[in-house]
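Below is structure.txt, which holds compact mmCIF, C-alpha atoms.
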# COMPACT_ATOMS: atom_id res chain seq x y z
CA MET G 21 0.00 0.00 0.00
CA HIS G 22 1.22 3.50 -0.80
CA ALA G 23 2.82 5.47 2.03
CA ARG G 24 0.07 8.07 2.09
CA SER G 25 -2.70 5.50 2.26
CA ILE G 26 -6.23 6.13 3.39
CA SER G 27 -5.52 4.01 6.45
CA ALA G 28 -3.73 7.02 7.92
CA LEU G 29 -7.08 8.73 8.21
CA VAL G 30 -8.24 6.55 11.08
CA GLY G 31 -5.81 8.46 13.28
CA PHE G 32 -6.66 11.66 11.45
CA ALA G 33 -10.36 11.38 12.24
CA ALA G 34 -10.03 9.98 15.73
CA LEU G 35 -7.44 12.49 16.93
CA LEU G 36 -9.24 15.62 15.80
CA LEU G 37 -12.45 16.66 17.56
CA VAL G 38 -13.49 13.88 19.91
CA GLY G 39 -15.74 13.59 22.91
CA CYS G 40 -18.84 12.22 21.21
CA GLY G 41 -21.91 11.87 23.37
CA SER G 42 -24.37 9.03 23.40
CA PRO G 43 -24.96 7.56 19.97
CA GLY G 44 -28.02 8.58 18.02
CA THR G 45 -29.72 7.69 14.78
CA THR G 46 -27.85 8.23 11.56
CA SER G 47 -29.38 10.57 9.02
CA PRO G 48 -30.20 9.40 5.50
CA THR G 49 -27.82 10.24 2.66
CA ALA G 50 -28.94 13.41 0.87
CA SER G 51 -27.89 15.21 -2.28
CA SER G 52 -24.11 15.37 -2.66
CA THR G 53 -24.27 19.18 -2.67
CA ALA G 54 -26.53 19.44 0.37
CA PRO G 55 -24.84 20.98 3.43
CA VAL G 56 -24.25 18.77 6.45
CA ALA G 57 -22.69 21.67 8.36
CA ARG G 58 -21.63 25.30 8.02
CA VAL G 59 -18.66 27.01 9.60
CA GLY G 60 -18.97 30.75 9.16
CA GLY G 61 -19.43 31.21 5.42
CA SER G 62 -18.00 27.80 4.51
CA VAL G 63 -20.19 24.81 3.70
CA ILE G 64 -19.35 21.17 4.39
CA THR G 65 -21.22 19.19 1.74
CA GLN G 66 -22.68 15.72 1.87
CA ALA G 67 -20.14 14.68 -0.79
CA ALA G 68 -17.19 15.81 1.34
CA PHE G 69 -18.67 14.06 4.35
CA ASP G 70 -19.19 10.82 2.40
CA VAL G 71 -15.57 10.80 1.17
CA ARG G 72 -14.15 11.29 4.68
CA LEU G 73 -16.60 8.79 6.19
CA GLN G 74 -15.66 6.08 3.69
CA SER G 75 -11.96 6.73 4.34
CA THR G 76 -12.44 6.35 8.06
CA LEU G 77 -14.64 3.25 7.83
CA THR G 78 -12.10 1.60 5.53
CA ALA G 79 -9.25 2.41 7.90
CA ILE G 80 -11.14 1.00 10.87
CA GLN G 81 -11.96 -2.16 8.94
CA GLN G 82 -8.32 -2.55 7.97
CA GLY G 83 -7.44 -2.35 11.66
CA GLY G 84 -9.95 -5.05 12.51
CA GLY G 85 -12.41 -2.69 14.20
CA PRO G 86 -16.21 -2.99 14.02
CA VAL G 87 -18.19 -0.70 11.72
CA SER G 88 -21.47 -2.55 11.18
CA ASN G 89 -22.86 -1.89 14.66
CA ALA G 90 -25.36 1.00 14.44
CA THR G 91 -24.13 2.60 17.65
CA MET G 92 -20.50 2.45 16.58
CA ARG G 93 -21.33 3.74 13.11
CA SER G 94 -23.15 6.75 14.54
CA GLN G 95 -20.18 7.57 16.74
CA ILE G 96 -17.87 7.31 13.72
CA ARG G 97 -20.12 9.64 11.71
CA ALA G 98 -20.06 12.18 14.53
CA ARG G 99 -16.27 12.09 14.75
CA VAL G 100 -15.91 12.40 10.98
CA LEU G 101 -18.09 15.51 10.90
CA ARG G 102 -16.15 17.04 13.77
CA SER G 103 -12.90 16.37 11.92
CA LEU G 104 -14.32 18.11 8.86
CA ILE G 105 -15.39 21.09 10.97
CA LEU G 106 -11.87 21.42 12.33
CA ASP G 107 -10.42 21.05 8.82
CA THR G 108 -12.71 23.85 7.67
CA VAL G 109 -11.50 26.11 10.47
CA ILE G 110 -7.91 25.32 9.48
CA GLY G 111 -8.61 25.80 5.78
CA ASP G 112 -10.38 29.13 6.29
CA GLU G 113 -7.48 30.49 8.33
CA ALA G 114 -4.97 29.17 5.79
CA SER G 115 -6.99 30.96 3.12
CA SER G 116 -7.04 34.22 5.10
CA GLN G 117 -3.25 34.05 5.38
CA GLY G 118 -2.84 33.30 1.69
CA PHE G 119 -1.51 29.75 1.78
CA ARG G 120 -4.52 27.46 1.46
CA ALA G 121 -3.83 24.38 -0.68
CA THR G 122 -4.86 24.96 -4.27
CA ALA G 123 -6.31 22.38 -6.61
CA ALA G 124 -3.06 22.52 -8.59
CA GLU G 125 -0.97 21.82 -5.47
CA VAL G 126 -3.17 18.87 -4.51
CA GLN G 127 -2.92 17.54 -8.06
CA ALA G 128 0.86 17.96 -8.05
CA GLN G 129 1.16 15.90 -4.87
CA LEU G 130 -1.22 13.31 -6.28
CA ASN G 131 0.94 13.12 -9.42
CA ALA G 132 4.03 12.61 -7.26
CA ASP G 133 2.27 9.85 -5.34
CA ALA G 134 1.19 8.23 -8.59
CA GLN G 135 4.74 8.34 -9.95
CA ALA G 136 6.08 6.77 -6.74
CA ALA G 137 3.45 4.03 -7.05
CA GLY G 138 4.40 3.23 -10.66
CA GLY G 139 1.70 5.26 -12.39
CA LEU G 140 -1.84 6.48 -11.77
CA SER G 141 -3.46 3.15 -12.61
CA SER G 142 -1.14 1.41 -10.18
CA LEU G 143 -1.98 3.95 -7.47
CA GLN G 144 -5.69 3.51 -8.13
CA SER G 145 -5.31 -0.24 -7.86
CA GLN G 146 -3.45 0.03 -4.58
CA LEU G 147 -6.07 2.35 -3.16
CA ALA G 148 -8.93 0.19 -4.43
CA SER G 149 -7.38 -2.92 -2.90
CA ALA G 150 -7.65 -1.21 0.47
CA GLY G 151 -11.17 0.04 -0.22
CA GLY G 152 -10.00 3.57 -1.00
CA SER G 153 -10.12 5.99 -3.91
CA VAL G 154 -8.29 8.90 -5.48
CA ALA G 155 -10.93 11.27 -4.06
CA GLN G 156 -10.11 10.09 -0.54
CA LEU G 157 -6.40 10.55 -1.16
CA GLN G 158 -7.01 14.09 -2.45
CA ASP G 159 -9.01 14.85 0.69
CA GLU G 160 -6.11 13.73 2.86
CA ILE G 161 -3.53 15.66 0.82
CA ARG G 162 -5.55 18.89 0.97
CA ALA G 163 -6.13 18.66 4.71
CA GLN G 164 -2.50 17.81 5.41
CA ILE G 165 -1.13 20.71 3.35
CA ASN G 166 -3.44 23.22 5.03
CA GLU G 167 -2.67 22.04 8.54
CA GLN G 168 1.08 21.80 7.97
CA ARG G 169 1.22 25.35 6.64
CA LEU G 170 -0.93 26.81 9.40
CA GLU G 171 1.02 24.98 12.11
CA ASP G 172 4.27 26.26 10.61
CA ALA G 173 2.97 29.85 10.60
CA PHE G 174 1.90 29.54 14.23
CA ALA G 175 5.24 27.96 15.14
CA GLN G 176 7.05 30.96 13.67
CA GLN G 177 4.88 33.30 15.75
CA ARG G 178 5.47 31.26 18.87
CA ALA G 179 9.24 31.17 18.30
CA ALA G 180 9.25 34.95 17.78
CA ASP G 181 7.38 35.30 21.07
CA VAL G 182 10.07 33.21 22.80
CA GLU G 183 12.72 35.55 21.38
CA LEU G 184 10.82 38.58 22.67
CA GLN G 185 10.64 37.11 26.16
CA LEU G 186 14.34 36.30 26.14
CA GLY G 187 15.06 39.83 25.01
CA SER G 188 12.99 41.11 27.92
CA GLY G 189 15.14 39.23 30.39
CA ALA G 190 13.41 35.86 30.79
CA ALA G 191 15.70 33.08 32.00
CA PHE G 192 16.49 30.67 29.16
CA ASP G 193 16.14 27.51 31.24
CA VAL G 194 12.86 28.66 32.79
CA LEU G 195 11.41 29.47 29.40
CA ALA G 196 12.59 26.13 28.03
CA LYS G 197 10.64 24.33 30.76
CA GLN G 198 7.51 26.24 29.81
CA MET G 199 7.80 26.44 26.04
CA SER G 200 10.03 23.78 24.54
CA ASP G 201 8.40 20.95 22.60
CA ASP G 202 11.45 18.74 23.14
CA THR G 203 9.98 16.60 25.91
CA GLY G 204 13.33 14.88 26.41
CA THR G 205 15.09 18.06 27.55
CA SER G 206 12.42 20.59 28.56
CA ALA G 207 12.25 19.41 32.18
CA ASN G 208 16.00 20.08 32.45
CA GLY G 209 15.72 23.59 31.04
CA GLY G 210 16.45 22.47 27.49
CA ASP G 211 19.92 21.18 28.37
CA LEU G 212 21.50 19.14 25.57
CA GLY G 213 24.79 18.83 27.42
CA ALA G 214 28.20 19.16 25.79
CA ILE G 215 28.29 18.75 22.01
CA SER G 216 31.62 17.90 20.39
CA ALA G 217 32.64 17.36 16.78
CA ALA G 218 31.95 13.65 17.19
CA ASP G 219 28.28 14.52 17.84
CA PHE G 220 27.77 16.81 14.85
CA SER G 221 26.23 14.10 12.69
CA MET G 222 23.32 13.86 15.16
CA TYR G 223 22.23 17.43 14.44
CA ASP G 224 21.06 19.45 11.48
CA ALA G 225 23.85 21.42 9.77
CA THR G 226 22.02 24.72 10.41
CA PHE G 227 21.85 23.85 14.10
CA ILE G 228 25.61 23.21 14.27
CA ALA G 229 26.45 26.38 12.36
CA ALA G 230 24.30 28.48 14.69
CA MET G 231 25.82 26.82 17.76
CA GLN G 232 29.37 27.44 16.57
CA SER G 233 28.62 31.12 16.04
CA LEU G 234 27.76 31.66 19.72
CA GLY G 235 30.01 32.50 22.61
CA PRO G 236 29.38 31.50 26.24
CA GLY G 237 26.17 33.09 27.55
CA GLN G 238 24.89 33.99 24.08
CA TYR G 239 21.71 32.73 22.40
CA THR G 240 20.43 32.84 18.84
CA THR G 241 18.35 35.98 18.31
CA ARG G 242 16.73 34.42 15.25
CA PRO G 243 15.28 30.90 15.50
CA VAL G 244 17.14 28.19 13.63
CA HIS G 245 14.82 26.47 11.16
CA ASP G 246 15.59 22.78 10.84
CA ALA G 247 13.71 19.52 10.33
CA GLY G 248 12.25 19.62 13.84
CA GLY G 249 10.90 23.14 13.63
CA TYR G 250 12.24 26.40 15.06
CA ASP G 251 15.11 26.16 17.54
CA ILE G 252 16.45 28.84 19.84
CA LEU G 253 19.93 27.88 21.12
CA GLN G 254 22.00 29.08 24.04
CA VAL G 255 25.66 28.21 24.59
CA TYR G 256 26.17 28.29 28.34
CA ALA G 257 29.76 26.98 28.36
CA LYS G 258 32.48 26.39 25.81
CA THR G 259 35.82 24.62 25.59
CA PRO G 260 38.25 24.31 22.65
CA SER G 261 36.52 21.06 21.65
CA SER G 262 32.89 21.30 22.82
CA TRP G 263 29.87 23.53 23.25
CA SER G 264 27.43 23.11 26.17
CA VAL G 265 24.01 23.95 24.78
CA ARG G 266 20.46 24.57 25.91
CA HIS G 267 17.65 24.86 23.40
CA ILE G 268 13.98 25.72 23.11
CA LEU G 269 12.27 23.85 20.30
CA VAL G 270 9.01 25.11 18.80
CA ALA G 271 7.90 22.06 16.86
CA ALA G 272 7.08 22.28 13.17
CA PRO G 273 8.30 18.86 12.04
CA ARG G 274 8.84 17.70 8.49
CA PRO G 275 7.23 15.50 7.44
CA TYR G 276 4.19 16.65 9.38
CA THR G 277 1.38 14.36 10.54
CA VAL G 278 -1.65 14.86 12.76
CA THR G 279 -0.07 12.60 15.37
CA SER G 280 2.85 15.03 15.60
CA ARG G 281 0.55 18.00 16.23
CA PRO G 282 2.01 20.03 19.13
CA ALA G 283 -0.26 20.46 22.15
CA TRP G 284 -0.18 24.26 21.91
CA PHE G 285 -1.40 24.10 18.30
CA ALA G 286 -4.23 21.72 19.16
CA GLU G 287 -5.26 24.02 22.02
CA ALA G 288 -5.38 27.00 19.64
CA LEU G 289 -7.64 25.07 17.25
CA PHE G 290 -10.03 23.89 19.95
CA LEU G 291 -10.21 27.37 21.42
CA THR G 292 -11.20 28.74 18.02
CA VAL G 293 -13.93 26.12 17.63
CA SER G 294 -15.23 27.12 21.07
CA GLN G 295 -15.23 30.78 20.04
CA LEU G 296 -17.08 30.00 16.82
CA CYS G 297 -19.66 28.08 18.83
CA GLY G 298 -20.07 31.04 21.17
CA THR G 299 -20.84 33.39 18.30
CA GLY G 300 -23.24 31.00 16.56
CA GLN G 301 -21.05 30.42 13.52
CA ILE G 302 -21.13 26.62 13.53
CA HIS G 303 -24.34 24.94 12.37
CA VAL G 304 -24.73 21.16 12.11
CA TYR G 305 -27.57 19.67 10.07
CA ILE G 306 -27.16 15.94 10.66
CA LYS G 307 -28.64 14.41 13.78
CA ASP G 308 -25.97 12.01 14.96
CA THR G 309 -25.56 12.69 18.65
CA GLY G 310 -22.13 14.13 19.30
CA ALA G 311 -21.70 15.50 15.77
CA ASP G 312 -22.21 19.08 16.89
CA PRO G 313 -19.09 20.36 18.70
CA CYS G 314 -21.16 23.20 20.18
CA SER G 315 -23.72 21.05 21.97
CA GLY G 316 -23.28 21.23 25.71
CA ALA G 317 -20.17 23.40 25.39
CA ALA G 318 -19.38 26.51 27.37
CA PRO G 319 -17.62 28.54 24.67
CA ALA G 320 -15.22 31.32 25.51
CA PRO G 321 -16.12 34.81 24.27
CA SER G 322 -14.27 36.12 21.25
CA THR G 323 -13.98 39.44 19.48
CA THR G 324 -12.45 37.79 16.38
CA PRO G 325 -14.47 34.60 15.91
CA SER G 326 -13.51 33.99 12.28
CA THR G 327 -9.78 33.87 12.95
CA VAL G 328 -7.87 30.98 14.43
CA THR G 329 -6.49 32.19 17.73
CA SER G 330 -2.72 32.30 17.55
CA PRO G 331 -1.15 30.55 20.52
CA ARG G 332 0.47 32.84 23.04
CA SER G 333 2.86 31.78 25.74
CA PRO G 334 3.00 32.48 29.45
CA THR G 335 5.48 35.18 30.37
CA PRO G 336 7.84 34.02 33.09
CA ALA G 337 9.51 36.35 35.52
CA PRO G 338 12.85 37.63 34.24
CA GLY G 339 15.78 35.54 35.35
I need this file expressed as structure tokens, please.
Amino acid sequence: MHARSISALVGFAALLLVGCGSPGTTSPTASSTAPVARVGGSVITQAAFDVRLQSTLTAIQQGGGPVSNATMRSQIRARVLRSLILDTVIGDEASSQGFRATAAEVQAQLNADAQAAGGLSSLQSQLASAGGSVAQLQDEIRAQINEQRLEDAFAQQRAADVELQLGSGAAFDVLAKQMSDDTGTSANGGDLGAISAADFSMYDATFIAAMQSLGPGQYTTRPVHDAGGYDILQVYAKTPSSWSVRHILVAAPRPYTVTSRPAWFAEALFLTVSQLCGTGQIHVYIKDTGADPCSGAAPAPSTTPSTVTSPRSPTPAPG
């Protein structure tokens, strides 16, 4: 099966908007252009819902999970619609910032996938053998491009905020504990220990170059962009053969997947959904219990409900 197979969407759907309530009765299939939900001025059509639902059902079946039970199927439908609502929020914000995935970009990625699979017919056969389709693959590509770009934009903002706090006197190690997405070092203030020439192969070349440019007590005033995201480095000690380094990583990994979504980014998305609910901008037209993310919620007020709320960081006391 191709690397970007529809089976990846089981995690995609399940990890987005969850928390379904008690299962209800599924609604009958309507016209493919009929709306199943609206988010602001954007419409989620029956056709888009059917594509995502089939992707998710196929992925669950591939994993050996049940899909024929009416209760389970209703819960799956609710989760699929919630995932589409979140994708719409992401897509609308990506559009407002000028980097929403275009049809040409989706097609280009599809062409690349087809070439890697040995041709379009071969890709179609591989997808069909797993119960999938080209339409489902296009849905996944579009959603992934939009989310990756929005997460990257937010990561840049978050990294710039870290730099501002450091410039205002915040202690590097304290800020690393609060802000770094490197869970292996954040508890220790971002301490990577001593890095010598023998260790260089473990790090991105841009990371090493930035590290070597710093003297003891200095930190990078511009984040280093590498495969993990945006890194702020501090050299806290130096010898002729090694650099002792702390870092604060704002994750924007490549390749990007939903399972690598940083917690701060997920929180920003859920907060925006809550704000949209509070201003009456999300409407759900199917009756599966749990499909409406606004039901039973206590949304936070918002003065900018149509914009994804950019994550901001706590400001620690200066060190």
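The space separating CA of Leu130 (chain G) from CA of Ser153 (chain G) comes to 11.8 Å.
Between CA of Met92 (chain G) and CA of Ser52 (chain G) the separation is 23.5 Å.
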Within 6 Å of (12.4, 34.2, 15.9) in the file's own coordinates, which protein, DNA or RNA residues have an atom, counting all atoms listed in the file? List them as a short mmCIF file (atom, residue, chain, number, x, y, z; two decimals) with C-alpha atoms, in the coordinates of the input.
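Final file, out_34.cif:
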data_model
loop_
_atom_site.label_atom_id
_atom_site.label_comp_id
_atom_site.auth_asym_id
_atom_site.auth_seq_id
_atom_site.Cartn_x
_atom_site.Cartn_y
_atom_site.Cartn_z
CA ALA G 179 9.24 31.17 18.30
CA ALA G 180 9.25 34.95 17.78
CA GLU G 183 12.72 35.55 21.38
CA ARG G 242 16.73 34.42 15.25
CA PRO G 243 15.28 30.90 15.50
#
Q: May I have the residues within 10 Å of Ala68 (chain G) as JSON, numbers by chain, using only C-alpha atoms and disregarding those fewer than 6 positions away in the same chain?
A: {"G": [52, 53, 55, 56, 101, 104, 155, 156, 159]}
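Residue nearest Tyr223 (chain G) within the list G:Ser188, G:Val304, G:Ala247, G:Ser62: G:Ala247 [criterion: smallest interatomic distance, all atoms listed in the file].
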(Q) What's around Tyr276 (chain G) at 7 Å? Count all atoms listed in the file, leave out sequence neighbours fewer than 3 positions away in its own chain, and write the answer as number ranges by chain. (A) G: 168, 273, 280
Q: Choose the residue, out of G:Ser141, G:Gln301, G:Thr240, G:Ser88, that has the smallest atom-to-atom separation from Arg58 (chain G); count all atoms listed in the file.
A: G:Gln301
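Computed from the coordinates, the CA of Gln176 (chain G) to CA of Arg281 (chain G) distance equals 14.7 Å.
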Q) Near Gly111 (chain G), within 12 Å and counting all atoms listed in the file, which residues show up once chain neighbours fewer than 5 positions away are dropped, as JSON, numbers by chain? A) {"G": [59, 60, 62, 63, 64, 104, 105, 106, 116, 117, 118, 119, 120, 121, 122, 162, 163, 164, 165, 166, 167, 168, 169, 170, 171, 289, 326, 327, 328]}
Q. With only C-alpha atoms as the atoms that count, which of G:Asp70, G:Glu160, G:Asp193, G:Glu125 lies nearest to Asp211 (chain G)?
A. G:Asp193
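Closest approach to His267 (chain G) from the set G:Ser200, G:Gln158, G:Thr226, G:Gln232 is made by G:Ser200, with distances taken over all atoms listed in the file.
Compared by their closest atoms to Ala123 (chain G), and using all atoms listed in the file, the residues G:Ile161, G:Gly249, G:Gln66, G:Val194 rank with G:Ile161 nearest.
Residues within 12 Å of Gly237 (chain G), counting only C-alpha atoms and excluding same-chain residues fewer than 3 positions away, are Ala191, Phe192, Met231, Ser233, Leu234, Thr240, Leu253, Gln254, Val255, Tyr256, Ala257, Lys258, Trp263, Ser264, Val265 and Arg266 of chain G.
Closest approach to Tyr305 (chain G) among G:Ala54, G:Val293, G:Met199, G:Ala283: G:Ala54, based on only C-alpha atoms.
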